[in-house]
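Below is the file data_0.pdb, which contains PDB, C-alpha atoms (C1' of nucleotides).
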ATOM      1  CA  MET A 929       0.000   0.000   0.000
ATOM      2  CA  PRO A 930       1.174   3.554  -0.626
ATOM      3  CA  ARG A 931       3.113   5.004   2.233
ATOM      4  CA  LYS A 932       2.819   8.682   2.962
ATOM      5  CA  SER A 933       5.865  10.796   2.361
ATOM      6  CA  GLY A 934       6.294  12.846   5.560
ATOM      7  CA  SER A 935       9.020  11.741   7.859
ATOM      8  CA  GLN A 936       6.989  11.717  11.024
ATOM      9  CA  GLY A 937       3.621  10.958  12.738
ATOM     10  CA  GLU A 938       0.131  11.166  11.266
ATOM     11  CA  ASN A 939      -0.356  14.776  10.327
ATOM     12  CA  SER A 940      -3.047  16.320   8.148
ATOM     13  CA  ASP A 941      -4.733  18.770  10.568
ATOM     14  CA  ARG A 942      -3.740  22.373  10.102
ATOM     15  CA  ILE A 943      -2.064  24.100  13.023
ATOM     16  CA  THR A 944      -3.398  27.564  13.708
ATOM     17  CA  ASP A 945      -1.468  30.666  14.638
ATOM     18  CA  ALA A 946      -2.170  30.460  18.344
ATOM     19  CA  GLU A 947      -1.370  26.782  18.345
ATOM     20  CA  HIS A 948       1.833  27.477  16.525
ATOM     21  CA  ALA A 949       3.034  29.677  19.359
ATOM     22  CA  VAL A 950       2.563  26.727  21.673
ATOM     23  CA  MET A 951       4.447  24.457  19.320
ATOM     24  CA  GLU A 952       7.362  26.852  19.275
ATOM     25  CA  ALA A 953       7.446  26.802  23.037
ATOM     26  CA  LEU A 954       7.551  23.034  22.991
ATOM     27  CA  TRP A 955      10.186  22.858  20.301
ATOM     28  CA  ASP A 956      12.218  25.303  22.298
ATOM     29  CA  HIS A 957      11.874  23.448  25.509
ATOM     30  CA  ALA A 958      14.541  20.980  26.509
ATOM     31  CA  GLY A 959      12.553  17.783  26.926
ATOM     32  CA  PRO A 960       8.865  17.319  27.669
ATOM     33  CA  ALA A 961       7.056  20.301  29.109
ATOM     34  CA  SER A 962       4.061  20.657  31.361
ATOM     35  CA  ALA A 963       1.183  23.002  30.633
ATOM     36  CA  GLN A 964       2.585  25.299  33.258
ATOM     37  CA  ASP A 965       5.964  25.289  31.546
ATOM     38  CA  VAL A 966       4.383  26.312  28.294
ATOM     39  CA  PHE A 967       2.357  28.952  30.037
ATOM     40  CA  ASP A 968       5.467  30.376  31.646
ATOM     41  CA  VAL A 969       7.009  30.832  28.252
ATOM     42  CA  VAL A 970       4.166  32.036  26.059
ATOM     43  CA  GLY A 971       1.597  33.163  28.594
ATOM     44  CA  ALA A 972       3.109  36.490  29.355
ATOM     45  CA  SER A 973       4.170  37.470  25.857
ATOM     46  CA  ARG A 974       0.802  36.652  24.314
ATOM     47  CA  GLY A 975      -1.240  37.719  27.292
ATOM     48  CA  TRP A 976      -2.851  34.311  27.621
ATOM     49  CA  SER A 977      -4.344  32.764  30.679
ATOM     50  CA  LEU A 978      -3.261  29.325  31.766
ATOM     51  CA  ALA A 979      -6.675  28.069  30.728
ATOM     52  CA  THR A 980      -6.046  29.192  27.192
ATOM     53  CA  VAL A 981      -2.767  27.381  27.047
ATOM     54  CA  LYS A 982      -4.468  24.222  28.254
ATOM     55  CA  THR A 983      -7.093  24.498  25.561
ATOM     56  CA  LEU A 984      -4.474  24.925  22.883
ATOM     57  CA  LEU A 985      -2.524  21.952  24.174
ATOM     58  CA  SER A 986      -5.665  19.812  24.058
ATOM     59  CA  ARG A 987      -6.386  20.839  20.525
ATOM     60  CA  LEU A 988      -2.852  20.074  19.474
ATOM     61  CA  VAL A 989      -3.180  16.640  21.010
ATOM     62  CA  GLN A 990      -6.372  16.041  19.048
ATOM     63  CA  LYS A 991      -4.578  17.130  15.925
ATOM     64  CA  HIS A 992      -1.795  14.667  16.705
ATOM     65  CA  ALA A 993       0.741  17.449  16.639
ATOM     66  CA  ILE A 994       1.941  16.706  20.135
ATOM     67  CA  ALA A 995       2.023  13.648  22.333
ATOM     68  CA  THR A 996       1.459  13.272  26.032
ATOM     69  CA  ARG A 997       3.213  11.245  28.669
ATOM     70  CA  PRO A 998       1.688  11.017  32.124
ATOM     71  CA  ASP A 999       3.850  12.274  34.936
ATOM     72  CA  GLY A1000       2.091  11.747  38.192
ATOM     73  CA  ARG A1001      -1.320  13.288  37.847
ATOM     74  CA  ARG A1002      -0.337  15.633  35.116
ATOM     75  CA  PHE A1003       0.901  15.380  31.568
ATOM     76  CA  LEU A1004       4.105  16.221  29.903
ATOM     77  CA  TYR A1005       3.835  17.300  26.315
ATOM     78  CA  THR A1006       6.254  16.727  23.483
ATOM     79  CA  PRO A1007       5.975  17.733  19.853
ATOM     80  CA  SER A1008       5.226  14.720  17.727
ATOM     81  CA  ILE A1009       6.016  16.514  14.536
ATOM     82  CA  ASP A1010       9.427  17.768  13.705
ATOM     83  CA  ARG A1011       9.875  21.497  13.451
ATOM     84  CA  ASP A1012      11.767  21.141  10.231
ATOM     85  CA  ASP A1013       8.949  19.150   8.736
ATOM     86  CA  TYR A1014       6.448  21.716   9.820
ATOM     87  CA  VAL A1015       8.484  24.613   8.537
ATOM     88  CA  GLY A1016       9.054  22.812   5.281
ATOM     89  CA  GLY A1017       5.369  22.144   4.881
ATOM     90  CA  GLU A1018       4.382  25.716   5.529
ATOM     91  CA  SER A1019       7.049  27.031   3.220
ATOM     92  CA  ARG A1020       5.887  24.759   0.482
ATOM     93  CA  ARG A1021       2.307  25.853   0.989
ATOM     94  CA  LEU A1022       3.291  29.458   0.532
ATOM     95  CA  LEU A1023       5.418  28.622  -2.439
ATOM     96  CA  ASP A1024       2.580  26.767  -4.102
ATOM     97  CA  LYS A1025      -0.045  29.288  -3.224
ATOM     98  CA  LEU A1026       1.799  32.404  -4.280
ATOM     99  CA  PHE A1027       4.684  31.443  -6.517
ATOM    100  CA  GLY A1028       3.404  28.533  -8.502
ATOM    101  CA  GLY A1029       5.805  26.368  -6.547
ATOM    102  CA  ARG A1030       8.880  28.045  -7.959
ATOM    103  CA  ALA A1031      11.317  28.856  -5.195
ATOM    104  CA  ALA A1032      13.338  31.077  -7.445
ATOM    105  CA  SER A1033      10.317  33.324  -7.810
ATOM    106  CA  LEU A1034      10.091  33.688  -4.092
ATOM    107  CA  VAL A1035      13.711  34.656  -3.779
ATOM    108  CA  ALA A1036      13.349  37.027  -6.680
ATOM    109  CA  HIS A1037      10.396  38.622  -5.034
ATOM    110  CA  LEU A1038      12.133  39.043  -1.730
ATOM    111  CA  ALA A1039      15.056  40.590  -3.500
ATOM    112  CA  GLU A1040      12.981  43.020  -5.502
ATOM    113  CA  SER A1041      10.929  44.084  -2.546
ATOM    114  CA  GLU A1042      14.141  44.785  -0.733
ATOM    115  CA  ALA A1043      13.283  42.264   1.933
ATOM    116  CA  LEU A1044      16.819  41.065   1.527
ATOM    117  CA  THR A1045      19.572  42.902   3.278
ATOM    118  CA  GLU A1046      23.101  43.018   2.038
ATOM    119  CA  LYS A1047      23.878  40.459   4.690
ATOM    120  CA  ASP A1048      21.106  38.171   3.475
ATOM    121  CA  LEU A1049      22.473  38.293  -0.018
ATOM    122  CA  THR A1050      25.948  37.423   1.116
ATOM    123  CA  GLU A1051      24.648  34.572   3.189
ATOM    124  CA  ILE A1052      22.582  33.136   0.407
ATOM    125  CA  GLU A1053      25.485  33.465  -1.938
ATOM    126  CA  ALA A1054      27.669  31.506   0.423
ATOM    127  CA  LEU A1055      24.963  28.897   0.740
ATOM    128  CA  LEU A1056      24.715  28.498  -2.978
ATOM    129  CA  LYS A1057      28.406  28.111  -3.339
ATOM    130  CA  GLU A1058      28.330  25.351  -0.809
ATOM    131  CA  LEU A1059      25.429  23.615  -2.490
ATOM    132  CA  LYS A1060      26.867  23.936  -5.934
ATOM    133  CA  GLN A1061      30.209  22.371  -5.391
TER     134      GLN A1061
ATOM    135  CA  MET B 700       3.171  62.348  10.812
ATOM    136  CA  PRO B 701       4.360  58.822  10.073
ATOM    137  CA  ARG B 702       3.181  57.540   6.779
ATOM    138  CA  LYS B 703       2.483  53.847   6.351
ATOM    139  CA  SER B 704       4.819  51.943   4.116
ATOM    140  CA  GLY B 705       2.533  49.928   1.822
ATOM    141  CA  SER B 706       2.161  51.289  -1.641
ATOM    142  CA  GLN B 707      -1.584  50.937  -1.922
ATOM    143  CA  GLY B 708      -5.049  51.275  -0.272
ATOM    144  CA  GLU B 709      -6.010  50.795   3.377
ATOM    145  CA  ASN B 710      -5.372  47.195   4.137
ATOM    146  CA  SER B 711      -5.239  45.486   7.542
ATOM    147  CA  ASP B 712      -7.913  42.770   7.148
ATOM    148  CA  ARG B 713      -6.564  39.313   6.514
ATOM    149  CA  ILE B 714      -7.566  37.619   3.283
ATOM    150  CA  THR B 715      -8.579  34.009   3.739
ATOM    151  CA  ASP B 716      -7.725  31.082   1.521
ATOM    152  CA  ALA B 717     -11.043  31.002  -0.277
ATOM    153  CA  GLU B 718     -10.931  34.729  -0.757
ATOM    154  CA  HIS B 719      -7.434  34.476  -2.084
ATOM    155  CA  ALA B 720      -8.612  32.247  -4.897
ATOM    156  CA  VAL B 721     -11.007  34.998  -5.895
ATOM    157  CA  MET B 722      -8.254  37.582  -5.736
ATOM    158  CA  GLU B 723      -6.124  35.513  -8.053
ATOM    159  CA  ALA B 724      -8.966  35.363 -10.514
ATOM    160  CA  LEU B 725      -9.282  39.124 -10.412
ATOM    161  CA  TRP B 726      -5.566  39.723 -10.722
ATOM    162  CA  ASP B 727      -5.556  37.394 -13.665
ATOM    163  CA  HIS B 728      -8.444  39.028 -15.364
ATOM    164  CA  ALA B 729      -7.813  41.689 -17.936
ATOM    165  CA  GLY B 730      -9.733  44.626 -16.539
ATOM    166  CA  PRO B 731     -12.691  44.659 -14.150
ATOM    167  CA  ALA B 732     -14.605  41.420 -13.815
ATOM    168  CA  SER B 733     -18.185  40.623 -12.959
ATOM    169  CA  ALA B 734     -19.191  38.048 -10.370
ATOM    170  CA  GLN B 735     -20.052  35.754 -13.228
ATOM    171  CA  ASP B 736     -16.614  36.214 -14.734
ATOM    172  CA  VAL B 737     -14.991  35.229 -11.490
ATOM    173  CA  PHE B 738     -17.306  32.298 -11.151
ATOM    174  CA  ASP B 739     -16.440  31.119 -14.640
ATOM    175  CA  VAL B 740     -12.801  31.007 -13.680
ATOM    176  CA  VAL B 741     -12.785  29.652 -10.148
ATOM    177  CA  GLY B 742     -16.221  28.125  -9.823
ATOM    178  CA  ALA B 743     -15.487  24.923 -11.602
ATOM    179  CA  SER B 744     -12.035  24.261 -10.215
ATOM    180  CA  ARG B 745     -13.083  24.825  -6.611
ATOM    181  CA  GLY B 746     -16.531  23.376  -6.976
ATOM    182  CA  TRP B 747     -18.179  26.577  -5.817
ATOM    183  CA  SER B 748     -21.645  27.776  -6.573
ATOM    184  CA  LEU B 749     -22.162  31.247  -7.990
ATOM    185  CA  ALA B 750     -23.669  32.210  -4.637
ATOM    186  CA  THR B 751     -20.436  31.359  -2.896
ATOM    187  CA  VAL B 752     -18.422  33.498  -5.261
ATOM    188  CA  LYS B 753     -20.766  36.398  -4.604
ATOM    189  CA  THR B 754     -20.356  36.016  -0.865
ATOM    190  CA  LEU B 755     -16.600  36.003  -1.174
ATOM    191  CA  LEU B 756     -16.680  39.079  -3.372
ATOM    192  CA  SER B 757     -18.804  40.881  -0.794
ATOM    193  CA  ARG B 758     -16.436  40.002   1.978
ATOM    194  CA  LEU B 759     -13.476  41.179  -0.040
ATOM    195  CA  VAL B 760     -15.232  44.474  -0.637
ATOM    196  CA  GLN B 761     -15.806  44.844   3.104
ATOM    197  CA  LYS B 762     -12.166  44.140   3.665
ATOM    198  CA  HIS B 763     -11.265  46.818   1.139
ATOM    199  CA  ALA B 764      -9.315  44.313  -0.882
ATOM    200  CA  ILE B 765     -11.320  44.996  -4.008
ATOM    201  CA  ALA B 766     -13.303  47.908  -5.350
ATOM    202  CA  THR B 767     -16.550  47.993  -7.262
ATOM    203  CA  ARG B 768     -17.693  50.035 -10.192
ATOM    204  CA  PRO B 769     -21.346  49.868 -11.208
ATOM    205  CA  ASP B 770     -22.026  48.676 -14.703
ATOM    206  CA  GLY B 771     -25.712  48.781 -15.389
ATOM    207  CA  ARG B 772     -27.436  46.841 -12.651
ATOM    208  CA  ARG B 773     -24.401  44.841 -11.766
ATOM    209  CA  PHE B 774     -20.936  45.476 -10.429
ATOM    210  CA  LEU B 775     -17.527  45.126 -11.874
ATOM    211  CA  TYR B 776     -14.823  44.234  -9.432
ATOM    212  CA  THR B 777     -11.163  45.218  -9.459
ATOM    213  CA  PRO B 778      -8.444  44.412  -6.961
ATOM    214  CA  SER B 779      -7.597  47.437  -4.891
ATOM    215  CA  ILE B 780      -4.461  45.908  -3.543
ATOM    216  CA  ASP B 781      -1.514  45.081  -5.677
ATOM    217  CA  ARG B 782      -0.628  41.431  -6.027
ATOM    218  CA  ASP B 783       3.003  42.165  -5.406
ATOM    219  CA  ASP B 784       2.147  43.926  -2.181
ATOM    220  CA  TYR B 785       0.017  41.041  -1.072
ATOM    221  CA  VAL B 786       2.605  38.458  -1.948
ATOM    222  CA  GLY B 787       5.257  40.481  -0.217
ATOM    223  CA  GLY B 788       3.171  40.764   2.890
ATOM    224  CA  GLU B 789       2.435  37.075   3.063
ATOM    225  CA  SER B 790       6.043  36.198   2.430
ATOM    226  CA  ARG B 791       7.161  38.458   5.195
ATOM    227  CA  ARG B 792       4.629  36.947   7.562
ATOM    228  CA  LEU B 793       6.006  33.505   6.900
ATOM    229  CA  LEU B 794       9.533  34.728   7.223
ATOM    230  CA  ASP B 795       8.814  36.358  10.557
ATOM    231  CA  LYS B 796       6.769  33.510  11.870
ATOM    232  CA  LEU B 797       9.081  30.676  10.970
ATOM    233  CA  PHE B 798      12.516  32.066  10.242
ATOM    234  CA  GLY B 799      12.898  34.922  12.659
ATOM    235  CA  GLY B 800      12.664  37.214   9.679
ATOM    236  CA  ARG B 801      15.898  35.998   8.146
ATOM    237  CA  ALA B 802      15.417  35.324   4.476
ATOM    238  CA  ALA B 803      18.668  33.460   4.258
ATOM    239  CA  SER B 804      17.287  30.899   6.686
ATOM    240  CA  LEU B 805      14.342  30.320   4.429
ATOM    241  CA  VAL B 806      16.516  29.776   1.427
ATOM    242  CA  ALA B 807      18.769  27.511   3.423
ATOM    243  CA  HIS B 808      15.793  25.500   4.533
ATOM    244  CA  LEU B 809      14.431  25.133   1.045
ATOM    245  CA  ALA B 810      17.817  24.029  -0.128
ATOM    246  CA  GLU B 811      18.293  21.464   2.601
ATOM    247  CA  SER B 812      14.852  20.030   2.179
ATOM    248  CA  GLU B 813      15.597  19.664  -1.474
ATOM    249  CA  ALA B 814      12.762  21.951  -2.405
ATOM    250  CA  LEU B 815      15.227  23.595  -4.727
ATOM    251  CA  THR B 816      15.908  22.018  -8.052
ATOM    252  CA  GLU B 817      19.125  22.427  -9.910
ATOM    253  CA  LYS B 818      17.314  24.898 -12.088
ATOM    254  CA  ASP B 819      16.151  26.893  -9.067
ATOM    255  CA  LEU B 820      19.693  27.159  -7.844
ATOM    256  CA  THR B 821      20.952  28.397 -11.143
ATOM    257  CA  GLU B 822      18.183  30.923 -11.368
ATOM    258  CA  ILE B 823      18.790  32.248  -7.897
ATOM    259  CA  GLU B 824      22.471  32.444  -8.610
ATOM    260  CA  ALA B 825      21.836  34.511 -11.674
ATOM    261  CA  LEU B 826      19.531  36.726  -9.696
ATOM    262  CA  LEU B 827      22.135  37.334  -7.063
ATOM    263  CA  LYS B 828      24.726  38.185  -9.603
ATOM    264  CA  GLU B 829      22.413  40.750 -11.047
ATOM    265  CA  LEU B 830      21.597  42.225  -7.668
ATOM    266  CA  LYS B 831      25.180  42.324  -6.557
ATOM    267  CA  GLN B 832      26.674  44.306  -9.319
TER     268      GLN B 832
ATOM    269  C1'  DC C 898      -9.727  14.727  57.799
ATOM    270  C1'  DC C 899     -10.502  18.847  55.542
ATOM    271  C1'  DT C 900      -9.079  22.684  52.865
ATOM    272  C1'  DT C 901      -6.537  24.315  49.235
ATOM    273  C1'  DC C 902      -4.043  24.054  45.153
ATOM    274  C1'  DA C 903      -2.838  22.175  40.768
ATOM    275  C1'  DT C 904      -4.410  19.712  36.607
ATOM    276  C1'  DG C 905      -6.794  17.851  32.882
ATOM    277  C1'  DT C 906     -11.690  17.864  30.917
ATOM    278  C1'  DT C 907     -15.924  19.957  29.677
ATOM    279  C1'  DT C 908     -18.469  23.674  28.408
ATOM    280  C1'  DA C 909     -18.879  28.496  26.639
ATOM    281  C1'  DC C 910     -19.183  31.971  23.480
ATOM    282  C1'  DA C 911     -18.239  35.418  20.054
ATOM    283  C1'  DA C 912     -15.908  36.090  15.640
ATOM    284  C1'  DA C 913     -14.273  34.310  11.376
ATOM    285  C1'  DC C 914     -14.795  30.977   7.555
ATOM    286  C1'  DG C 915     -16.663  28.018   4.018
ATOM    287  C1'  DT C 916     -20.503  27.293   1.618
ATOM    288  C1'  DA C 917     -24.826  28.433   0.169
ATOM    289  C1'  DA C 918     -30.139  29.434  -0.165
ATOM    290  C1'  DT C 919     -33.475  33.032  -0.259
ATOM    291  C1'  DC C 920     -35.191  37.633  -1.225
ATOM    292  C1'  DG C 921     -36.164  41.798  -3.605
ATOM    293  C1'  DA C 922     -35.343  44.450  -7.538
ATOM    294  C1'  DT C 923     -34.484  44.720 -12.388
ATOM    295  C1'  DC C 924     -33.994  43.666 -17.157
ATOM    296  C1'  DC C 925     -35.140  40.918 -21.422
ATOM    297  C1'  DG C 926     -37.892  38.478 -24.492
ATOM    298  C1'  DC C 927     -42.337  37.748 -25.996
TER     299       DC C 927
ATOM    300  C1'  DG D 739     -47.116  44.291 -19.604
ATOM    301  C1'  DC D 740     -45.884  39.557 -17.769
ATOM    302  C1'  DG D 741     -42.848  35.698 -16.579
ATOM    303  C1'  DG D 742     -38.499  34.150 -16.161
ATOM    304  C1'  DA D 743     -33.527  35.111 -15.759
ATOM    305  C1'  DT D 744     -30.057  37.839 -13.290
ATOM    306  C1'  DC D 745     -27.906  40.519  -9.760
ATOM    307  C1'  DG D 746     -26.567  42.263  -5.345
ATOM    308  C1'  DA D 747     -28.058  41.981  -0.438
ATOM    309  C1'  DT D 748     -29.617  39.477   3.409
ATOM    310  C1'  DT D 749     -29.846  35.553   6.029
ATOM    311  C1'  DA D 750     -28.281  30.888   7.228
ATOM    312  C1'  DC D 751     -25.729  27.422   9.277
ATOM    313  C1'  DG D 752     -22.195  24.225  10.635
ATOM    314  C1'  DT D 753     -17.145  24.401  11.774
ATOM    315  C1'  DT D 754     -12.894  26.398  13.385
ATOM    316  C1'  DT D 755     -10.424  29.649  16.095
ATOM    317  C1'  DG D 756      -9.272  32.576  19.987
ATOM    318  C1'  DT D 757      -9.956  33.062  24.511
ATOM    319  C1'  DA D 758     -11.420  31.474  28.724
ATOM    320  C1'  DA D 759     -14.419  29.997  32.875
ATOM    321  C1'  DA D 760     -16.395  26.038  35.386
ATOM    322  C1'  DC D 761     -15.852  21.547  37.007
ATOM    323  C1'  DA D 762     -14.017  17.231  38.779
ATOM    324  C1'  DT D 763     -10.370  15.003  40.855
ATOM    325  C1'  DG D 764      -6.433  13.984  43.118
ATOM    326  C1'  DA D 765      -2.269  15.604  45.857
ATOM    327  C1'  DA D 766      -0.359  17.938  49.645
ATOM    328  C1'  DG D 767      -0.195  20.323  53.900
ATOM    329  C1'  DG D 768      -1.712  21.205  58.330
TER     330       DG D 768
END

Hey, can you dump this file as structure tokens for me?
Amino acid sequence: MPRKSGSQGENSDRITDAEHAVMEALWDHAGPASAQDVFDVVGASRGWSLATVKTLLSRLVQKHAIATRPDGRRFLYTPSIDRDDYVGGESRRLLDKLFGGRAASLVAHLAESEALTEKDLTEIEALLKELKQ
Amino acid sequence: MPRKSGSQGENSDRITDAEHAVMEALWDHAGPASAQDVFDVVGASRGWSLATVKTLLSRLVQKHAIATRPDGRRFLYTPSIDRDDYVGGESRRLLDKLFGGRAASLVAHLAESEALTEKDLTEIEALLKELKQ
DNA sequence: CCTTCATGTTTACAAACGTAATCGATCCGC
DNA sequence: GCGGATCGATTACGTTTGTAAACATGAAGG
């Protein structure tokens, strides 16, 4: 039977903006994090209540984006999708949606709209050199 | 007083995915388009009814993303935001959200995840050369 | 033991979204 | 002039999202 391409866990459900902030906290965190841990990181900056963080964690669990491991009477949460995979997916979505899938168009656009600093250009150049050889 | 940066019309309201499909149809269209025109282009491919297209057009008008010009008893619609501006905005959002705003990181990621073909690389290289000189 | 605190679960609720049907006015063909 | 086609406007309705309060339960401290 055909095997799906992604490198990790059953995906498919879109992660929203608010949920994404939680994911970043988890990706950032060294090892599994409790709801409180997540709250400590994102709560303040986004002005969320602990309750909100809990809701978002639940939804992410439903979406299979994170996994839980019981720790006493509470849960510890870990991302079950790789950040790189996620980032790649989102990038591709944008590429497909706005640039007909052509990465060069995206870069061209960034360049033209001056979203690229001199430093960016140098960095990309170096990157290319490395990739080309 | 500080003047906003964008080149065109009051923006601010997010354009959704469905709405974006309509925008593309309008950007594509030579000159103002009627609801029917839009429907003819996107209706089939997205499986939308004419009613749906009309709703989306209305919402885009509310969001000031498109403008209307009466033509007899109907309206002709034209984008009031430039595609390039929109694309730039969305690109920047992604960049900020996922790459800390560093374009080079995005390019690096695309490269590593093999989203860049040989052709892409060559194109980007050429682009850089042009920008550098 | 009983109170309090911490935790996940359930419920809430308004706004946004996707998708559309219905309504009221108008125009076109007969 | 009358009936159907056409158009924008209004209304609809289930789902998702953002944000959170209420609730149940178990742990911990006195």

May I have chain A as a compact mmCIF listing (two decimals) with C-alpha atoms, keeping the file's coordinate frame, after a least-squares superposition on chain B that uses all C-alpha atoms paired in order?
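File part-v9.txt, as written:
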# COMPACT_ATOMS: atom_id res chain seq x y z
CA MET A 929 1.14 62.51 11.13
CA PRO A 930 2.76 59.15 10.46
CA ARG A 931 1.95 57.75 7.08
CA LYS A 932 1.61 54.03 6.67
CA SER A 933 4.23 52.29 4.61
CA GLY A 934 2.26 50.12 2.15
CA SER A 935 2.09 51.37 -1.36
CA GLN A 936 -1.62 51.00 -1.82
CA GLY A 937 -5.15 51.30 -0.28
CA GLU A 938 -6.19 50.81 3.33
CA ASN A 939 -5.37 47.22 4.14
CA SER A 940 -5.22 45.53 7.52
CA ASP A 941 -7.87 42.78 7.17
CA ARG A 942 -6.49 39.33 6.53
CA ILE A 943 -7.48 37.63 3.30
CA THR A 944 -8.47 34.01 3.73
CA ASP A 945 -7.62 31.09 1.51
CA ALA A 946 -10.93 31.01 -0.30
CA GLU A 947 -10.84 34.74 -0.75
CA HIS A 948 -7.35 34.50 -2.08
CA ALA A 949 -8.52 32.28 -4.92
CA VAL A 950 -10.93 35.03 -5.89
CA MET A 951 -8.18 37.62 -5.74
CA GLU A 952 -6.05 35.55 -8.06
CA ALA A 953 -8.89 35.40 -10.52
CA LEU A 954 -9.21 39.15 -10.40
CA TRP A 955 -5.50 39.76 -10.70
CA ASP A 956 -5.48 37.44 -13.65
CA HIS A 957 -8.37 39.06 -15.35
CA ALA A 958 -7.74 41.74 -17.92
CA GLY A 959 -9.67 44.67 -16.51
CA PRO A 960 -12.61 44.70 -14.13
CA ALA A 961 -14.53 41.47 -13.79
CA SER A 962 -18.10 40.67 -12.94
CA ALA A 963 -19.10 38.07 -10.37
CA GLN A 964 -19.98 35.79 -13.22
CA ASP A 965 -16.53 36.26 -14.73
CA VAL A 966 -14.91 35.26 -11.49
CA PHE A 967 -17.24 32.33 -11.17
CA ASP A 968 -16.36 31.15 -14.65
CA VAL A 969 -12.73 31.06 -13.69
CA VAL A 970 -12.70 29.68 -10.16
CA GLY A 971 -16.14 28.15 -9.86
CA ALA A 972 -15.40 24.96 -11.66
CA SER A 973 -11.93 24.30 -10.29
CA ARG A 974 -12.96 24.84 -6.68
CA GLY A 975 -16.42 23.39 -7.05
CA TRP A 976 -18.06 26.59 -5.87
CA SER A 977 -21.53 27.79 -6.59
CA LEU A 978 -22.06 31.26 -7.96
CA ALA A 979 -23.56 32.20 -4.62
CA THR A 980 -20.32 31.35 -2.90
CA VAL A 981 -18.34 33.51 -5.25
CA LYS A 982 -20.69 36.40 -4.56
CA THR A 983 -20.24 35.99 -0.84
CA LEU A 984 -16.49 36.00 -1.17
CA LEU A 985 -16.58 39.09 -3.35
CA SER A 986 -18.71 40.88 -0.76
CA ARG A 987 -16.34 39.99 2.00
CA LEU A 988 -13.39 41.18 -0.02
CA VAL A 989 -15.16 44.47 -0.58
CA GLN A 990 -15.73 44.83 3.15
CA LYS A 991 -12.07 44.12 3.71
CA HIS A 992 -11.19 46.82 1.18
CA ALA A 993 -9.24 44.33 -0.85
CA ILE A 994 -11.25 45.00 -3.97
CA ALA A 995 -13.23 47.92 -5.29
CA THR A 996 -16.47 48.02 -7.20
CA ARG A 997 -17.62 50.07 -10.13
CA PRO A 998 -21.26 49.94 -11.15
CA ASP A 999 -21.92 48.76 -14.66
CA GLY A 1000 -25.59 48.92 -15.36
CA ARG A 1001 -27.30 47.04 -12.59
CA ARG A 1002 -24.32 44.97 -11.71
CA PHE A 1003 -20.84 45.56 -10.39
CA LEU A 1004 -17.45 45.16 -11.84
CA TYR A 1005 -14.74 44.26 -9.39
CA THR A 1006 -11.11 45.25 -9.42
CA PRO A 1007 -8.38 44.42 -6.94
CA SER A 1008 -7.55 47.46 -4.87
CA ILE A 1009 -4.40 45.94 -3.53
CA ASP A 1010 -1.47 45.10 -5.68
CA ARG A 1011 -0.58 41.46 -6.04
CA ASP A 1012 3.04 42.20 -5.42
CA ASP A 1013 2.20 43.96 -2.21
CA TYR A 1014 0.07 41.09 -1.10
CA VAL A 1015 2.67 38.50 -1.98
CA GLY A 1016 5.33 40.53 -0.26
CA GLY A 1017 3.24 40.83 2.86
CA GLU A 1018 2.52 37.14 3.04
CA SER A 1019 6.12 36.25 2.40
CA ARG A 1020 7.24 38.53 5.14
CA ARG A 1021 4.71 37.04 7.52
CA LEU A 1022 6.09 33.59 6.89
CA LEU A 1023 9.62 34.81 7.19
CA ASP A 1024 8.90 36.45 10.52
CA LYS A 1025 6.85 33.62 11.86
CA LEU A 1026 9.17 30.78 10.97
CA PHE A 1027 12.60 32.17 10.22
CA GLY A 1028 13.00 35.03 12.60
CA GLY A 1029 12.77 37.33 9.61
CA ARG A 1030 15.98 36.07 8.07
CA ALA A 1031 15.48 35.37 4.39
CA ALA A 1032 18.73 33.50 4.17
CA SER A 1033 17.36 30.97 6.62
CA LEU A 1034 14.40 30.38 4.41
CA VAL A 1035 16.54 29.78 1.38
CA ALA A 1036 18.81 27.56 3.40
CA HIS A 1037 15.86 25.56 4.55
CA LEU A 1038 14.46 25.14 1.09
CA ALA A 1039 17.84 24.02 -0.10
CA GLU A 1040 18.34 21.50 2.65
CA SER A 1041 14.89 20.06 2.30
CA GLU A 1042 15.60 19.60 -1.36
CA ALA A 1043 12.73 21.86 -2.28
CA LEU A 1044 15.14 23.45 -4.69
CA THR A 1045 15.73 21.82 -8.00
CA GLU A 1046 18.92 22.15 -9.93
CA LYS A 1047 17.08 24.63 -12.10
CA ASP A 1048 16.02 26.67 -9.09
CA LEU A 1049 19.58 26.89 -7.92
CA THR A 1050 20.80 28.06 -11.28
CA GLU A 1051 18.07 30.64 -11.47
CA ILE A 1052 18.74 32.00 -8.04
CA GLU A 1053 22.41 32.12 -8.79
CA ALA A 1054 21.75 34.16 -11.89
CA LEU A 1055 19.52 36.44 -9.89
CA LEU A 1056 22.17 37.02 -7.31
CA LYS A 1057 24.73 37.82 -9.90
CA GLU A 1058 22.43 40.41 -11.33
CA LEU A 1059 21.70 41.92 -7.94
CA LYS A 1060 25.29 41.95 -6.87
CA GLN A 1061 26.81 43.83 -9.72

Query raised in the report: With all atoms listed in the file as the atoms that count, which of D:DG752, D:DC740, D:DA747, D:DG767 lies nearest to chain B?
Result: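 Closest to chain B of all the choices is D:DA747.
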
Query raised in the report: Near chain B, which residues of chain D fall within 10 Å when you count only C-alpha atoms (C1' of nucleotides), and what do they look like as a list of chain:residue names?
Result: D:DT744, D:DC745, D:DG746, D:DA747

Requested in this report: Just say which residues the PyMOL selection byres ((chain A) within 10 of (chain B)) picks in this file, as a ChimeraX atom specification.
Outcome: /A:945,948-949,952,1011-1016,1018-1020,1022-1023,1025-1027,1029-1057,1059-1060

Requested in this report: With a cut-off of 9 Å and counting only C-alpha atoms (C1' of nucleotides), select all residues of chain B in contact with chain C and give the selection as a ChimeraX atom specification.
Outcome: /B:715,717,747-748,750-751,754,772
